Structures are given as C-alpha cells and as structure tokens.
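What follows is model_13.cif (mmCIF, C-alpha atoms).
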```
data_structure
loop_
_atom_site.label_atom_id
_atom_site.label_comp_id
_atom_site.auth_asym_id
_atom_site.auth_seq_id
_atom_site.Cartn_x
_atom_site.Cartn_y
_atom_site.Cartn_z
CA MET U 1 85.23 97.04 103.06
CA SER U 2 81.72 98.41 103.18
CA GLU U 3 78.67 96.24 103.68
CA ALA U 4 78.06 96.59 99.93
CA GLY U 5 81.54 95.28 99.14
CA LEU U 6 84.59 96.54 97.29
CA PRO U 7 83.82 99.39 94.85
CA GLY U 8 83.79 98.17 91.25
CA MET U 9 84.71 94.59 92.24
CA GLY U 10 81.28 92.98 92.49
CA LEU U 11 82.20 91.50 95.89
CA LYS U 12 79.51 91.54 98.60
CA LEU U 13 80.50 91.02 102.23
CA GLY U 14 78.58 88.42 104.23
CA PRO U 15 78.38 87.49 107.94
CA GLU U 16 81.32 87.06 110.29
CA VAL U 17 82.40 83.41 110.71
CA LEU U 18 85.68 83.48 112.71
CA ARG U 19 87.38 86.01 114.98
CA GLY U 20 90.90 86.03 116.44
CA THR U 21 93.75 88.31 117.44
CA ASP U 22 95.02 88.42 113.84
CA GLY U 23 91.72 89.50 112.30
CA VAL U 24 88.14 88.61 111.44
CA TRP U 25 86.94 86.17 108.75
CA PHE U 26 83.74 86.79 106.80
CA THR U 27 81.92 85.04 104.02
CA ALA U 28 81.56 86.99 100.76
CA THR U 29 79.81 86.57 97.44
CA GLY U 30 81.89 87.05 94.28
CA ALA U 31 80.79 88.59 91.00
CA ASP U 32 79.95 85.12 89.68
CA GLY U 33 77.83 84.20 92.73
CA ARG U 34 80.55 82.05 94.28
CA THR U 35 80.92 81.98 98.08
CA LEU U 36 84.39 83.13 99.17
CA GLY U 37 86.32 83.56 102.40
CA VAL U 38 87.49 87.08 103.33
CA LEU U 39 89.86 87.94 106.19
CA ARG U 40 90.12 91.49 107.51
CA PHE U 41 93.58 91.67 109.06
CA GLU U 42 94.05 93.43 112.38
CA PRO U 43 96.23 96.46 111.44
CA ALA U 44 98.41 96.14 114.55
CA ARG U 45 99.26 92.52 113.66
CA VAL U 46 100.19 93.44 110.09
CA LYS U 47 102.44 96.22 111.40
CA ALA U 48 104.05 93.92 113.97
CA ALA U 49 104.75 91.30 111.28
CA GLY U 50 106.73 93.74 109.12
CA GLY U 51 104.04 95.80 107.44
CA VAL U 52 101.91 95.54 104.32
CA LYS U 53 104.88 95.14 101.98
CA ARG U 54 106.07 92.04 103.82
CA LEU U 55 102.54 90.62 103.88
CA VAL U 56 102.29 91.14 100.10
CA GLU U 57 105.61 89.33 99.60
CA ARG U 58 104.51 86.33 101.64
CA THR U 59 101.10 86.24 99.95
CA VAL U 60 102.79 86.11 96.54
CA ALA U 61 104.99 83.30 97.86
CA ALA U 62 101.87 81.44 99.04
CA ARG U 63 100.24 81.81 95.61
CA GLY U 64 103.41 80.42 94.06
CA GLY U 65 103.42 77.34 96.32
CA LEU U 66 106.41 78.53 98.39
CA LEU U 67 104.50 78.55 101.70
CA PRO U 68 103.04 75.02 101.86
CA GLY U 69 100.08 74.70 104.20
CA THR U 70 98.23 77.92 103.42
CA LEU U 71 94.76 78.09 101.97
CA PRO U 72 94.58 78.87 98.23
CA VAL U 73 94.77 82.65 97.78
CA LEU U 74 92.81 84.71 95.27
CA ASP U 75 93.82 88.24 96.21
CA LEU U 76 95.15 90.65 98.79
CA VAL U 77 93.19 93.91 98.83
CA GLU U 78 93.50 97.25 100.60
CA ASP U 79 90.20 99.04 101.17
CA ALA U 80 88.78 101.43 103.80
CA GLY U 81 92.01 101.49 105.78
CA HIS U 82 92.22 97.71 106.13
CA VAL U 83 94.04 94.90 104.34
CA TRP U 84 91.85 91.98 103.26
CA LEU U 85 92.79 88.44 102.22
CA ILE U 86 90.42 86.72 99.78
CA THR U 87 90.29 82.93 99.46
CA PRO U 88 88.10 80.67 97.29
CA VAL U 89 86.73 78.84 100.34
CA VAL U 90 85.33 79.76 103.75
CA PRO U 91 87.97 78.18 106.03
CA GLU U 92 87.63 76.06 109.13
CA SER U 93 89.33 77.44 112.22
CA GLY U 94 92.44 75.23 111.92
CA ALA U 95 93.10 76.04 108.27
CA ALA U 96 92.44 79.74 108.91
CA ALA U 97 94.86 79.89 111.85
CA ARG U 98 97.59 78.03 109.94
CA THR U 99 97.23 80.30 106.89
CA VAL U 100 97.42 83.52 108.91
CA ALA U 101 100.37 82.24 110.94
CA LEU U 102 102.30 81.48 107.74
CA LEU U 103 101.43 84.79 106.07
CA LEU U 104 102.36 86.85 109.13
CA GLY U 105 105.24 84.62 110.20
CA SER U 106 108.98 85.11 109.88
CA SER U 107 110.07 81.73 108.51
CA PRO U 108 111.46 82.03 104.95
CA PRO U 109 109.49 80.64 101.99
CA ALA U 110 110.45 77.10 100.97
CA PRO U 111 112.66 76.71 97.87
CA PRO U 112 111.01 75.11 94.82
CA GLY U 113 110.82 71.32 94.84
CA GLY U 114 110.05 70.97 98.55
CA LEU U 115 113.69 71.22 99.70
CA VAL U 116 114.70 73.01 102.87
CA ALA U 117 118.21 74.09 103.85
CA THR U 118 119.76 72.47 106.96
CA GLY U 119 122.26 73.98 109.35
CA HIS U 120 125.10 71.99 107.80
CA GLY U 121 124.70 73.29 104.27
CA THR U 122 122.94 70.14 103.01
CA GLN U 123 119.34 69.70 101.93
CA LYS U 124 116.63 67.19 102.71
CA PRO U 125 113.03 66.76 101.55
CA GLU U 126 110.52 68.84 103.43
CA LYS U 127 107.82 66.88 105.25
CA LYS U 128 104.36 67.74 103.99
CA ASP U 129 101.06 67.33 105.82
CA LEU U 130 99.07 65.23 103.37
CA LYS U 131 95.89 65.93 105.29
CA ASP U 132 95.87 69.49 103.97
CA GLY U 133 94.96 68.29 100.49
CA LEU U 134 96.41 71.47 98.96
CA PRO U 135 98.34 71.45 95.66
CA SER U 136 102.02 72.34 95.67
CA ARG U 137 101.32 75.28 93.38
CA ILE U 138 98.23 77.44 93.75
CA ILE U 139 96.72 78.70 90.49
CA ARG U 140 94.53 81.79 90.81
CA THR U 141 90.88 81.38 89.82
CA LEU U 142 89.81 84.52 88.03
CA VAL U 143 86.60 85.82 89.60
CA GLY U 144 86.85 89.48 88.70
CA LEU U 145 88.89 90.40 91.80
CA VAL U 146 91.94 92.64 91.48
CA LEU U 147 94.49 94.16 93.85
CA VAL U 148 93.62 97.72 94.86
CA GLY U 149 95.91 100.51 96.08
CA ALA U 150 99.39 101.65 95.17
CA VAL U 151 100.80 100.08 98.33
CA LEU U 152 100.04 96.67 96.78
CA GLY U 153 101.55 97.65 93.43
CA ALA U 154 104.78 97.00 91.65
CA ALA U 155 107.17 97.59 94.54
CA GLY U 156 105.69 94.85 96.71
CA PHE U 157 105.46 92.24 94.01
CA ALA U 158 108.92 92.94 92.58
CA ALA U 159 110.41 92.02 95.95
CA VAL U 160 109.64 88.31 95.43
CA GLN U 161 110.73 86.28 92.39
CA LEU U 162 108.73 83.11 91.96
CA ARG U 163 110.69 80.26 90.39
CA ASP U 164 109.39 77.16 88.60
CA LYS U 165 110.92 73.71 88.66
CA LYS U 166 111.47 73.88 84.91
CA ALA U 167 113.30 76.78 83.32
CA VAL U 168 110.92 78.90 81.24
CA PRO U 169 111.54 82.19 79.43
CA LYS U 170 110.50 85.48 80.95
CA VAL U 171 107.19 86.71 79.63
CA GLN U 172 107.28 89.19 76.76
CA ILE U 173 103.97 90.79 75.78
CA SER U 174 103.65 91.81 72.13
CA SER U 175 100.04 93.04 72.10
CA ILE U 176 97.06 93.77 74.37
CA SER U 177 93.34 93.73 73.63
CA VAL U 178 90.49 94.75 75.94
CA HIS U 179 86.89 93.62 75.56
CA ASN U 180 83.90 92.52 77.63
CA PHE U 181 84.01 88.80 78.36
CA ALA U 182 80.36 88.19 77.45
CA PRO U 183 78.35 90.16 74.86
CA VAL U 184 76.05 92.81 76.36
CA GLN U 185 73.28 94.97 74.93
CA PRO U 186 73.37 98.78 75.37
CA SER U 187 70.19 98.57 77.44
CA GLY U 188 71.51 95.74 79.59
CA ILE U 189 74.35 97.52 81.37
CA CYS U 190 72.53 100.42 83.00
CA ASP U 191 72.88 98.92 86.49
CA ALA U 192 75.03 95.81 86.17
CA SER U 193 78.47 94.30 86.69
CA VAL U 194 80.33 93.77 83.42
CA ASP U 195 83.27 91.36 83.18
CA MET U 196 86.00 93.22 81.28
CA VAL U 197 89.08 91.28 80.25
CA ALA U 198 92.54 92.30 79.07
CA GLU U 199 94.08 89.59 76.91
CA PHE U 200 97.79 89.43 76.01
CA THR U 201 99.69 87.89 73.14
CA THR U 202 102.98 86.65 74.59
CA ASN U 203 106.03 84.53 73.87
CA GLY U 204 104.65 81.82 76.15
CA GLY U 205 106.90 82.85 79.02
CA THR U 206 106.09 83.35 82.67
CA GLY U 207 106.31 86.44 84.87
CA VAL U 208 104.52 88.96 87.05
CA VAL U 209 102.73 91.79 85.23
CA THR U 210 101.78 94.91 87.15
CA TYR U 211 98.94 96.92 85.67
CA GLU U 212 96.34 99.64 86.06
CA TRP U 213 92.71 99.79 84.97
CA ASP U 214 91.37 103.31 84.36
CA ILE U 215 87.57 103.46 84.56
CA PRO U 216 85.16 106.40 84.72
CA ALA U 217 84.19 107.69 88.16
CA LYS U 218 81.86 110.41 89.43
CA ASN U 219 81.99 114.02 88.25
CA HIS U 220 83.87 113.19 85.04
CA THR U 221 86.89 111.84 86.96
CA THR U 222 88.79 108.58 86.49
CA GLN U 223 89.27 105.79 89.02
CA ALA U 224 92.56 103.86 88.85
CA VAL U 225 92.46 100.19 89.89
CA THR U 226 95.98 98.80 90.22
CA GLY U 227 97.12 95.23 90.60
CA ALA U 228 99.52 92.48 89.64
CA GLU U 229 99.06 89.12 87.96
CA ARG U 230 101.40 86.17 87.46
CA VAL U 231 100.88 85.15 83.83
CA SER U 232 102.06 82.29 81.64
CA GLY U 233 101.18 80.82 78.25
CA LYS U 234 100.40 82.36 74.90
CA SER U 235 97.15 84.19 75.74
CA PRO U 236 96.81 84.97 79.46
CA LYS U 237 93.97 87.19 80.67
CA VAL U 238 93.28 89.68 83.47
CA HIS U 239 89.66 90.26 84.49
CA LEU U 240 87.92 93.26 86.01
CA ALA U 241 84.38 93.16 87.42
CA TRP U 242 83.19 96.64 86.43
CA GLN U 243 80.11 97.87 88.29
CA LEU U 244 78.12 100.29 86.12
CA LYS U 245 75.33 102.69 87.05
CA LEU U 246 74.44 104.64 83.91
CA THR U 247 71.76 107.02 82.68
CA GLY U 248 71.16 108.44 79.24
CA SER U 249 73.10 107.18 76.26
CA GLY U 250 76.70 107.18 75.12
CA THR U 251 79.91 105.16 75.41
CA VAL U 252 82.05 104.26 78.43
CA SER U 253 85.62 103.00 78.17
CA ALA U 254 87.87 100.88 80.38
CA THR U 255 91.59 101.32 79.70
CA PHE U 256 94.12 98.65 80.70
CA ARG U 257 97.73 99.84 81.08
CA ILE U 258 100.84 97.77 81.87
CA THR U 259 103.02 99.51 84.48
CA SER U 260 105.93 97.05 84.37
CA PRO U 261 107.57 98.00 81.05
CA GLY U 262 110.14 95.20 81.33
CA VAL U 263 107.52 92.65 80.24
CA LEU U 264 106.75 94.44 76.98
CA ALA U 265 108.31 93.29 73.70
CA ALA U 266 110.02 95.90 71.53
CA GLY U 267 107.47 98.20 69.91
CA ALA U 268 104.51 96.89 71.92
CA GLU U 269 101.86 99.36 73.08
CA THR U 270 101.56 99.81 76.84
CA ALA U 271 97.76 100.23 76.92
CA SER U 272 94.51 99.25 75.23
CA SER U 273 90.88 100.29 75.74
CA GLY U 274 87.54 98.56 75.52
CA ASP U 275 84.36 100.53 74.78
CA LEU U 276 80.79 99.79 75.81
CA LYS U 277 77.78 101.58 74.30
CA TYR U 278 74.84 102.17 76.63
CA GLN U 279 71.20 103.23 76.23
CA CYS U 280 69.58 103.80 79.61
CA PRO U 281 66.51 105.54 81.05
#
```
Encoding of this model in structure tokens:
Amino acid sequence: MSEAGLPGMGLKLGPEVLRGTDGVWFTATGADGRTLGVLRFEPARVKAAGGVKRLVERTVAARGGLLPGTLPVLDLVEDAGHVWLITPVVPESGAAARTVALLLGSSPPAPPGGLVATGHGTQKPEKKDLKDGLPSRIIRTLVGLVLVGAVLGAAGFAAVQLRDKKAVPKVQISSISVHNFAPVQPSGICDASVDMVAEFTTNGGTGVVTYEWDIPAKNHTTQAVTGAERVSGKSPKVHLAWQLKLTGSGTVSATFRITSPGVLAAGAETASSGDLKYQCP
C-alpha cells in the first residue's frame, strides 16, 4: 500500500501503531472519513500459516462469526506485494494479537451455534469471553472497500461455506443495476472519489457473490477490481469508491460483472454499467 493508499479505493494510510512478528498495524482513513485499522501481514508468516488462500478462508470464517474472538473484519486486500487486513477500529495490542493468531492459526472454525466437537463424538457449548464484546456474527460495514487481486477471488471464497442457524435459500440474482450512490454534477467529479453501487434484485436468499468492477485506467486501458461479497435480502448492494481525475468533457463508465454464474437466475444478465458525465477544465 502506498502512502497515498489503495488505488481507486479512497483509503489513505496513516501512522504505524503496532508492530510484531506477524505484521505491522497502521491507522487509515476511509473514503467516508472514518478511521480504520489496517494490518500489513508479514509475508513469511502468511506463507508459514498455509498461504494466502488459507488466510482468505479463515478471514471469511471470521466475517461469518465462525472464529469467535477476532476483531470485526471489513476486507482482506492484496496490494504492492503485501496482504492487508482492514478492520473498522484501530485495535489495542491484545485484540490485535488475538485476531492475528486466530487468522493465521490452525484450529478449525467453530460450527454454527457455538458448539464444538469433543474427542468422544459428543458436543458441548463453547465458552465465550464476554469481555470481548463482539457479536457472534460480524456484518460488513460498506465503506467503499473491495477485495483486490485474482488471488483473493472466487477460488479462495468458494473453499468456505458459511452456514446460518436458520435454513435460508441460496441467493438467486434476477437483475443488476449500477449507479452513483449520491447525485453528482459533471463539474464536481473532476478530481473526486465517487461512490458507485451495484444493486441486485434477488429471491431474498443468502450466498457469496464474486464479482469484477471494470473501470477506465490510463492510456485508454481498463482496470479490473475483483472481489467477493456475502449478500442476503431482497436488494443487497456492493460499493466501489472510484477515484476520478478527469480533464475535458465526456462520459466515463463503471461496469459491474458477476463472476459466479451459479448465483444468477435463469435469463439474468451477468453485467450492468453506470455512466457519469463530466465537464472539467
């Protein structure tokens, strides 16, 4: 991650706050001005713990409440040769150490409902540390952060199936629409971060959707921003903080494409685009 932050994410890196053998924690400022916690993992520790794919699996488990005791998790990001963990709070040393130990550890995720298997084939309630104050299920707060890099794409997330206490249908997406979250004027996006959102119409089910944003890059090329989102309900959304630096006038488009076809209903389109007109000096 550069000092300016993740490209196109509107995330600005702040000062270092904690350092250990597993990595370095920083503060960061999100696209909405919120102060976040960001951990840059030590590559050797990620490799020793089973690699990026295993870290992705355990991070998804943490977001689903299957690794009790971790900090809430917003995203796992690969950038500039490093893997970064993004949390909605700047952690204290104890919470940071416990979170990293669980994400890099080898103990299996807990089954839903707080039950753990014993050596005799029976089950008993898992003891929880009430001092943590963390909910049993962690719901992602959308702050315009997305997963970046093919290594954090569909293969990693498909390896873990998150299960709810109540049986719910698998998500089926019947339509997609893309638009900017807040109205903008053509002269107001010349050098700004725009919150683009892809909104789905679904059957109300739950599931993990892998996707790709295609946005314009330099020299008339396209930048692909890939990620995954656990969605539920009738109208879930995926946000993208799109950093624009424009001159002249015209139209720019952001295209959202679903890359996990199994979540699409019969006849549904796989992609949708949102256009922004600009008028700049």
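Straight-line separation from CA of Thr87 in chain U to CA of Phe200 in chain U: 25.5 Å.
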Checklist entry - What does the PyMOL selection byres ((chain U and resi 270) around 10) select in this file, as a ChimeraX atom specification? => result /U:173-176,211,256-261,263-265,267-269,271-272
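Take the candidates U:Ile215, U:Trp242, U:Ser235, U:Val225 and check each one against Met196 in chain U using only C-alpha atoms; the shortest distance goes to U:Trp242.
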Next on the checklist: Need the shell around Glu229 in chain U: protein/DNA/RNA residues with any atom at most 8 Å away, counting all atoms listed in the file. Skip same-chain ones fewer than 3 positions apart. Format as a count of residues only?
Outcome noted: 4
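Across the model, the gap from CA of Leu76 in chain U to CA of Pro169 in chain U is 26.7 Å.
Closest approach to Thr21 in chain U among U:Ala224, U:Ala97, U:Ala241, U:Ala217: U:Ala97, based on only C-alpha atoms.
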Kindly list the centre and edge lengths in Å, rounded to one decimal, for the axis-aligned box that covers all listed atoms of range 13-29 of chain U plus 5 Å on each of its six sides, as JSON.
```
{"center_x": 86.7, "center_y": 87.2, "center_z": 107.4, "size_x": 26.6, "size_y": 17.6, "size_z": 30.0}
```
